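**Q** Would you mind keeping the following structure in view while I ask a few things?
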Amino acid sequence: MNAADTGWILTATALVLLMTLPGLALFYAGLVQSKNILSVLMQCIAVACAASLIWFAVGYTLAFDEGNGWIGGTSKLFLAGIDRNSVSGTLPESLFAMFQMTFAIITPALMIGAFVERIKFGAVIMICSLWLVVVYAPVTHWVWGGGWLAERGIIDFAGGIVVHVTAGVSALVIAVMLGARKGFPEKITPPHAPWMVMVGASLLWVGWFGFNAGSAVAADQNAAMAMIATHLSAATASLVWLAIEKFRFGKPSLVGLVTGTIAGLATVTPASGTVGPLGGVLLGLAGGLVCYLAVEVIKMRMRIDDSLDVLAVHGVGGATGTLLLPFLATIGYGGTGLAEGVTIGNQFLTQLIGVAVVAFWSALATIIIVLVTKSMIGLRVTNDEEVEGLDFTYHGETGYRQ
Amino acid sequence: MKMIVAIIQPHRLDNVREALSDIGVAGLTVTEVKGYGRQKGHTEIYRGAEYQIQYIPKLKLEIATDDKTAEQAVVAIRAAAGQNKIGDGKIFVFNLEDAIRIRTGESGDEAL
């Protein structure tokens with residue numbers, strides 16, 4: 001056990017929880033109509049609580065216990081066997097399980113952005129809970145728990161695939177199966193509180209240092225390089241988005257800039273342990289551009305109401321970083337290069353297989369989860385409930401009193 | 001007596017209030033309202049998508065005056081609120097039957 005590593009990961013764990021509570025919750029809440037603000041905050045925090053208990057009960061063991069290439073074992077159900085002296089690497093295992101728990105919290109919570117303002121509260125909890133077991137835990141095992149993608153040498157430092165591709169693809173599937181919000185796309189009401197979106201995005205940005213630099217699972221040079229690459233990618237992508245809006249519409253918007261921030265953060269996530277500062281800037285450049293285009297394609301061309309652009313910003317960003325990483329590992333100073341004997345082409349192929357298979361599994365499993373949920377409790381609120389807003393109809397509360 | 005109801009651009013309120021004080025109007029009531037007229041609405045752009053804002057925020061002023069001041073008040077409001085642009089607003093003038101000051105019970109012009 002190493003005290004410096006333990007100290008940093010204790011801190012990083014708190015930072016990653018801050019990303020969801022209240023970072024992501026505020027980021028999403030500002031983007032919806034004022035009559036649905038509480039429902040979004042509620043979904044985020046309730047999913048966080050449910051995910052915590054599921055991680056304790058089955059998630060951690062299925063992801064990180066030794067099993068086969070596809071799924072972890074069951075010897076750590078309910079965190080069995082983890083006592084004060086259990087060690088994982090240089091950390092107490094209780095800390096490693098807790099650090100990973102915060103990832104298991106934010107990943108299903110990310111999906112909430114796709115189905116806000118029209119989904120039943122119970123359906124959110126049920127879908128996210130099942131999803132954590134069926135999608136998140138096995139994919140985590142494949143990539144981080146010694147599973148088949150890890151065997152193949154895939155590089156996903158902090159979760160471009162594990163977190164962003166899984167959540168992004170599944171979010172789109174749920175959005176399609178649930179259907180668009182009433183009036184989409186012409187008569188949708190704009191974000192009710194752009195300032196809240198900025199506050200949430202800023203908390204996500206700060207928290208992301210725990211997410212990426214914490215993924216070094218040590219207080220060392222890799223953590224430090226991950227932090228600077230992460231920060232530079234976020235700053236670059238923010239400016240890219242700002243520039244695109246200024247050029248296209250004449251006015252750079254706050255919501256646009258901070259969306260760029262999140263795109264840059266998602267894009268650098270898988271690569272933050274592999275690239276240096278210059279690589280971070282290049283990833284931000286790519287992430288800003290690609291995610292902007294993705295929003296346009298999904299929302300405006302395909303007309304899918306992935307309401308808060310979960311696939312376009314998170315999924316596409318995470319995939320972009322995952323696929324670009326082999327090319328950027330040696331650019332500028334600070335990159336790690338690839339493993340000995342591995343060519344850029346080989347690594348790219350591995351990354352591509354990872355993204356494709358994980359996207360396929362996420363989509364397939366989510367379809368089944370949604371069908372099961374629909375048959376048991378239903379998915380969509382009634383027309384009247386949607387018009388009145390979910391805050392009062394589902395939670396009996398009002399966000400803003402006149 | 002007259003009741004003047006004016007719909008104006010929110011950022012012209014201070015001008016209008018000053019102009020009305022100058023001609024001796026003793027009070028007014030302001031309400032934040034939304035609506036549309038010839039200006040229709042405007043568009044806002046979030047993440048590249050255009051949103052139609054159908055109802056634009058305006059202020060509604062309600063001013064009770066005696067008959068003589070009413071004419072001056074209409075002129076003053078026009079001058080202070082107008083920018084010669086679509087969306088400047090409108091002024092409506094009604095006959096006012098009576099006014100009563102709650103504290104003293106005075107009525108008519110006395111109560112204004």
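Residue numbering restarts at 1 for every chain of the structure tokens, chains are lettered A, B, ... in their displayed order, and ligands are numbered from 1 as they appear.
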Check chain B with DSSP on the backbone and list each residue it calls alpha helix (DSSP H), as a ChimeraX atom specification.
**A** /B:13-22,67-81
**Q** Give me the residues near region 172-183 of chain A as a ChimeraX atom specification, where near means some atom within 7 Å (using only C-alpha atoms) and where sequence neighbours in that chain fewer than 4 positions away do not count.
**A** /A:114-115,118,168,187-188,304-306,311,363,366-367,370,379-380
**Q** Could you tell me which of B:Lys34, B:Arg47, B:Arg17, B:His42 comes closest to Leu293 (chain A) if we count only C-alpha atoms?
**A**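 Among B:Lys34, B:Arg47, B:Arg17, B:His42, it is B:Arg47 that comes nearest to Leu293 (chain A).
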**Q** Can you check which residues of chain B have any atom within 9 Å of chain A? Use only C-alpha atoms and format it as a list in words.
**A** Glu44, Ile45, Tyr46, Arg47, Gly48, Ala49, Glu50, Tyr51, Gln52 and Ile53 of chain B
**Q** Using the selection just defined, write its residues with N, CA and C atoms as a compact mmCIF listing (two decimals), in the first residue's frame.
**A**
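Written output follows (result-v3.txt):
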```txt
# COMPACT_ATOMS: atom_id res chain seq x y z
N GLU B 44 -33.54 32.00 -31.29
CA GLU B 44 -32.30 31.84 -30.52
C GLU B 44 -31.66 30.54 -30.99
N ILE B 45 -30.35 30.49 -30.94
CA ILE B 45 -29.64 29.31 -31.44
C ILE B 45 -28.88 28.63 -30.31
N TYR B 46 -29.23 27.36 -30.07
CA TYR B 46 -28.51 26.57 -29.07
C TYR B 46 -27.98 25.31 -29.72
N ARG B 47 -26.71 25.07 -29.61
CA ARG B 47 -26.05 23.92 -30.21
C ARG B 47 -26.45 23.78 -31.68
N GLY B 48 -26.46 24.89 -32.38
CA GLY B 48 -26.71 24.86 -33.81
C GLY B 48 -28.17 24.78 -34.21
N ALA B 49 -29.06 24.56 -33.25
CA ALA B 49 -30.48 24.43 -33.59
C ALA B 49 -31.18 25.76 -33.34
N GLU B 50 -32.03 26.18 -34.28
CA GLU B 50 -32.77 27.42 -34.10
C GLU B 50 -34.05 27.17 -33.32
N TYR B 51 -34.29 27.98 -32.35
CA TYR B 51 -35.53 27.89 -31.58
C TYR B 51 -36.34 29.14 -31.80
N GLN B 52 -37.63 28.99 -32.11
CA GLN B 52 -38.51 30.13 -32.27
C GLN B 52 -39.00 30.58 -30.90
N ILE B 53 -38.68 31.79 -30.52
CA ILE B 53 -39.23 32.34 -29.29
C ILE B 53 -40.48 33.10 -29.70
```
**Q** Hey, what's within 12 Å of Ala79 (chain B) if we count only C-alpha atoms and toss same-chain stuff fewer than 3 positions away? As a PDB file with C-alpha atoms, in the first residue's frame, please?
**A**
```pdb
ATOM      1  CA  ILE B   8     -43.090  48.858 -23.747  1.00  0.00           C
ATOM      2  CA  ARG B  12     -37.039  51.672 -21.762  1.00  0.00           C
ATOM      3  CA  ASN B  15     -36.733  56.553 -19.395  1.00  0.00           C
ATOM      4  CA  VAL B  16     -40.483  56.288 -19.232  1.00  0.00           C
ATOM      5  CA  ARG B  17     -40.586  56.608 -15.468  1.00  0.00           C
ATOM      6  CA  GLU B  18     -38.456  59.751 -15.557  1.00  0.00           C
ATOM      7  CA  ALA B  19     -40.551  61.307 -18.285  1.00  0.00           C
ATOM      8  CA  LEU B  20     -43.744  60.609 -16.354  1.00  0.00           C
ATOM      9  CA  GLN B  72     -49.348  64.721 -21.788  1.00  0.00           C
ATOM     10  CA  ALA B  73     -48.584  61.263 -20.436  1.00  0.00           C
ATOM     11  CA  VAL B  74     -49.286  59.620 -23.781  1.00  0.00           C
ATOM     12  CA  VAL B  75     -46.912  62.055 -25.475  1.00  0.00           C
ATOM     13  CA  ALA B  76     -44.279  61.498 -22.789  1.00  0.00           C
ATOM     14  CA  GLY B  82     -40.031  54.971 -28.769  1.00  0.00           C
ATOM     15  CA  GLN B  83     -36.986  54.112 -30.822  1.00  0.00           C
ATOM     16  CA  ASN B  84     -38.773  54.091 -34.147  1.00  0.00           C
ATOM     17  CA  ASP B  88     -41.471  49.552 -29.414  1.00  0.00           C
ATOM     18  CA  GLY B  89     -44.903  48.774 -28.010  1.00  0.00           C
ATOM     19  CA  ILE B  91     -50.415  52.580 -25.604  1.00  0.00           C
TER      20      ILE B  91
END
```
**Q** Within 6 Å of Ala226 (chain A), counting only C-alpha atoms, which residues show up once you throw out same-chain ones fewer than 6 positions away? Write them as a ChimeraX atom specification, please.
**A** /A:213,272-273
**Q** Selection from above, N, CA and C atoms, as a CSV table (one decimal), in the first residue's frame, can you write it?
**A**
```csv
chain,number,residue,atom,x,y,z
A,213,ALA,N,-6.9,11.9,-14.5
A,213,ALA,CA,-5.6,11.8,-13.8
A,213,ALA,C,-5.7,10.7,-12.7
A,272,SER,N,-5.9,10.0,-22.5
A,272,SER,CA,-5.1,10.9,-21.6
A,272,SER,C,-3.9,10.3,-20.9
A,273,GLY,N,-3.8,8.9,-21.0
A,273,GLY,CA,-2.7,8.3,-20.4
A,273,GLY,C,-1.6,8.0,-21.5
```
**Q** List the spatial neighbours of Val133 (chain A) as a list in words - criterion: any atom at most 10 Å away, only C-alpha atoms, same-chain residues fewer than 3 positions off excluded.
**A**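 Near neighbours after the sequence-gap exclusion: Ala51, Ile54, Trp55, Val58, Gly59, Tyr60, Leu62, Ala63, Ala104, Cys128, Ser129, Leu130, Tyr136, Ala137, Pro138 and Val139 of chain A.
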**Q** Next, dump the selected residues to file, keeping only C-alpha atoms, as an mmCIF file, in the first residue's frame.
**A**
```
data_model
loop_
_atom_site.group_PDB
_atom_site.id
_atom_site.type_symbol
_atom_site.label_atom_id
_atom_site.label_comp_id
_atom_site.auth_asym_id
_atom_site.auth_seq_id
_atom_site.Cartn_x
_atom_site.Cartn_y
_atom_site.Cartn_z
ATOM 1 C CA ALA A 51 -25.924 2.510 -9.142
ATOM 2 C CA ILE A 54 -25.818 -2.298 -7.570
ATOM 3 C CA TRP A 55 -22.068 -1.779 -7.781
ATOM 4 C CA VAL A 58 -22.939 -7.313 -8.217
ATOM 5 C CA GLY A 59 -21.224 -4.665 -10.338
ATOM 6 C CA TYR A 60 -17.769 -4.674 -8.818
ATOM 7 C CA LEU A 62 -18.674 -8.829 -12.384
ATOM 8 C CA ALA A 63 -16.280 -6.137 -13.574
ATOM 9 C CA ALA A 104 -20.375 3.278 -12.436
ATOM 10 C CA CYS A 128 -30.229 2.390 -15.661
ATOM 11 C CA SER A 129 -30.090 -0.357 -13.022
ATOM 12 C CA LEU A 130 -30.379 -3.225 -15.504
ATOM 13 C CA TYR A 136 -21.434 -1.527 -17.973
ATOM 14 C CA ALA A 137 -20.074 -4.306 -15.753
ATOM 15 C CA PRO A 138 -19.164 -6.716 -18.572
ATOM 16 C CA VAL A 139 -17.652 -4.015 -20.797
#
```
**Q** Restricting the calculation to only C-alpha atoms, which member of B:Val33, B:Ile102, B:Ile56, B:Leu28 is positioned closest to Met3 (chain B)?
**A**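 Among the listed residues, B:Leu28 lies closest to Met3 (chain B).
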**Q** Residues at most 9 Å from Thr102 (chain A), counting only C-alpha atoms, excluding those fewer than 3 positions away in the same chain, as a list in words?
**A**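 The filter keeps Thr13, Ala14, Val16, Leu17, Thr20, Ala48, Ala51, Ser52, Ala97, Met98, Phe99, Ile105, Ile106 and Thr107 of chain A.
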**Q** Please provide the set of residues having any atom within 8 Å of Asp109 (chain B), restricted to only C-alpha atoms, with same-chain residues fewer than 4 positions apart removed, written as JSON, numbers by chain.
**A** {"B": [1, 65, 66, 99]}
**Q** Which one is closest to Leu13 (chain B): B:Gly87, B:Leu61, B:Ala111, B:Ala26? Count only C-alpha atoms.
**A**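 Closest to Leu13 (chain B) of all the choices is B:Leu61.
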**Q** One number please: CA of Ile125 (chain A) to CA of Ile37 (chain A), in Å, one decimal.
**A** 17.2 Å
